[in-house]
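**Student:** The structure is given below, and queries will be raised subsequently.
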Amino acid sequence: MTQSLGVLRFDAARIRPDYFAVHGYKWLLCPRGAAWLVTRPDRLSELKPLVPGWKSTNPPYQYFGGPANLAQDARRGDASPAWFSWIGAKAALELLTSLDADQVERHCLELAGQLTGQARAIGLRRVTDGPGSHIVVLHTDKADHVALRLREHGVRATALSDRIRFGFHYFNEEPDVVATMRVLRGGR
């Protein structure tokens with residue numbers, strides 16, 4: 001979910017995962033340090049914190065080592081908050097939840113589809129043949145060189161050995177695809 005939550009829709013009520021963990025610094029646009037674990041209520045009793053602390057105990061939060069009086073609810077998994085990360089996370093999540101999730105997903109998939117189709121037309125192929133995604137990974141023998149040229153033209157991408165990786169979010173627009181393709185075609 002870390003690679004899609006914030007861009008692709010996720011119906012937790014329909015899927016009902018036992019545990020659902022996600023960090024916020026990628027597609028949720030949060031600062032590093034903000035992460036969540038959601039546990040289905042019927043699985044909560046199985047949740048055992050690896051390093052319990054004062055936030056995972058019952059009030060009055062008296063834990064100084066030794067056996068912990070763990071909270072019986074989801075607080076048992078709490079850790080001391082990373083205050084600055086949570087300030088940024090709150091702002092990012094307010095922004096994301098103000099957007100229409102269907103529209104965000106559609107927008108990102110359309111841009112990724114445009115890049116995929118145009119790249120295919122010049123001989124670059126997706127690394128996988130799976131379903132469409134907001135992440136496009138193209139095979140190239142010159143990934144480092146391509147990433148450098150893209151960066152010189154204001155396009156951010158990641159070089160990974162024999163591939164180049166692009167990710168689209170709601171703030172991307174069609175001119176981003178145009179700029180990327182200009183570089184991939186070798187033009188200025």
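The way I read the labels, and the way they are meant: chains A, B, ... in the order of the structure tokens, residue 1 as the first residue of every chain, and ligand 1 as the first ligand shown, with later ones counted on from there.
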So that I can see what lies close to Ile87 (chain A), please list as a list in words the residues with an atom at most 12 Å from it, counting only C-alpha atoms and leaving out residues fewer than 3 positions away in the same chain.

**Tutor:**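 Neighbouring residues, sequence-local ones excluded: Cys30, Pro31, Arg32, Gly33, Ala34, Pro81, Ala82, Trp83, Phe84, Lys90, Ala91, Ala92, Leu93 and Glu94 of chain A.
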
**Student:** Would you mind listing what lies within 12 Å of Thr116 (chain A) as a PyMOL selection string, with only C-alpha atoms counted and same-chain residues fewer than 2 positions away left out?

**Tutor:** chain A and resi 109-114+118-129+131-139+165-168+177+180-181+184

**Student:** Where in chain A does DSSP assign strand (DSSP E), given as a ChimeraX atom specification?

**Tutor:** /A:19-23,35-39,135-139,158-160,163-167

**Student:** Can you pull out the residues contacting His169 (chain A)? Cut-off 9 Å, using only C-alpha atoms, and skip same-chain residues under 3 positions away; I want them as an MDAnalysis selection string.

**Tutor:** chainID A and resid 6:7 27 104:105 107:108 134 172:173

**Student:** For Pro49 (chain A), please output as a list of chain:residue names all residues within 10 Å (counting only C-alpha atoms; exclusion window: fewer than 2 positions along the same chain).

**Tutor:** A:Glu46, A:Leu47, A:Val51, A:Pro52, A:Gly53, A:Ser56, A:Leu70, A:Arg76, A:Gly77, A:Asp78, A:Ala79

**Student:** Between CA of Ser4 (chain A) and CA of Ser161 (chain A), what is the spacing in Å?

**Tutor:**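 Spanning CA of Ser161 (chain A) to CA of Ser4 (chain A) is a straight-line distance of 22.8 Å.
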
**Student:** From the set A:Asp102, A:Arg163, A:Asn69, A:Pro60, which residue has the shortest atom-to-atom contact distance to Asp11 (chain A), counting only C-alpha atoms?

**Tutor:**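 Closest to Asp11 (chain A) of all the choices is A:Asp102.
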
**Student:** As a ChimeraX atom specification, please: every residue in chain A that DSSP puts in alpha helix (DSSP H).

**Tutor:** /A:12-15,83-97,101-121,143-152,174-184

**Student:** Find the residue from A:Ser80, A:Asp42, A:Phe10, A:Leu96 that sits nearest to Thr57 (chain A); use only C-alpha atoms when measuring.

**Tutor:**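 Nearest candidate to Thr57 (chain A) out of A:Ser80, A:Asp42, A:Phe10, A:Leu96: A:Ser80.
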
**Student:** Can you tell me which residues surround Val183 (chain A) at a distance of at most 9 Å, considering only C-alpha atoms, apart from same-chain residues fewer than 3 positions away, and format the answer as an mmCIF file with C-alpha atoms, in the first residue's frame?

**Tutor:**
```cif
data_model
loop_
_atom_site.group_PDB
_atom_site.id
_atom_site.type_symbol
_atom_site.label_atom_id
_atom_site.label_comp_id
_atom_site.auth_asym_id
_atom_site.auth_seq_id
_atom_site.Cartn_x
_atom_site.Cartn_y
_atom_site.Cartn_z
ATOM 1 C CA VAL A 146 18.697 8.817 -19.118
ATOM 2 C CA ARG A 149 19.404 13.894 -18.873
ATOM 3 C CA LEU A 150 15.913 13.921 -17.388
ATOM 4 C CA HIS A 153 15.532 19.055 -17.947
ATOM 5 C CA VAL A 155 12.176 15.721 -14.785
ATOM 6 C CA VAL A 178 5.592 15.996 -22.887
ATOM 7 C CA ALA A 179 8.826 17.087 -21.169
ATOM 8 C CA THR A 180 9.695 13.487 -20.322
ATOM 9 C CA GLY A 186 16.668 12.785 -27.476
ATOM 10 C CA GLY A 187 15.349 16.281 -28.143
ATOM 11 C CA ARG A 188 15.639 19.464 -26.103
#
```

**Student:** Smallest atom-to-atom distance to Gly154 (chain A): which of A:His23, A:Pro175, A:Arg185, A:Leu5, using only C-alpha atoms?

**Tutor:** A:Pro175

**Student:** Report as a count of residues only all protein, DNA and RNA residues lying within 9 Å of Asn58 (chain A), evaluated on only C-alpha atoms, omitting residues in the same chain fewer than 3 positions from it.

**Tutor:** 10
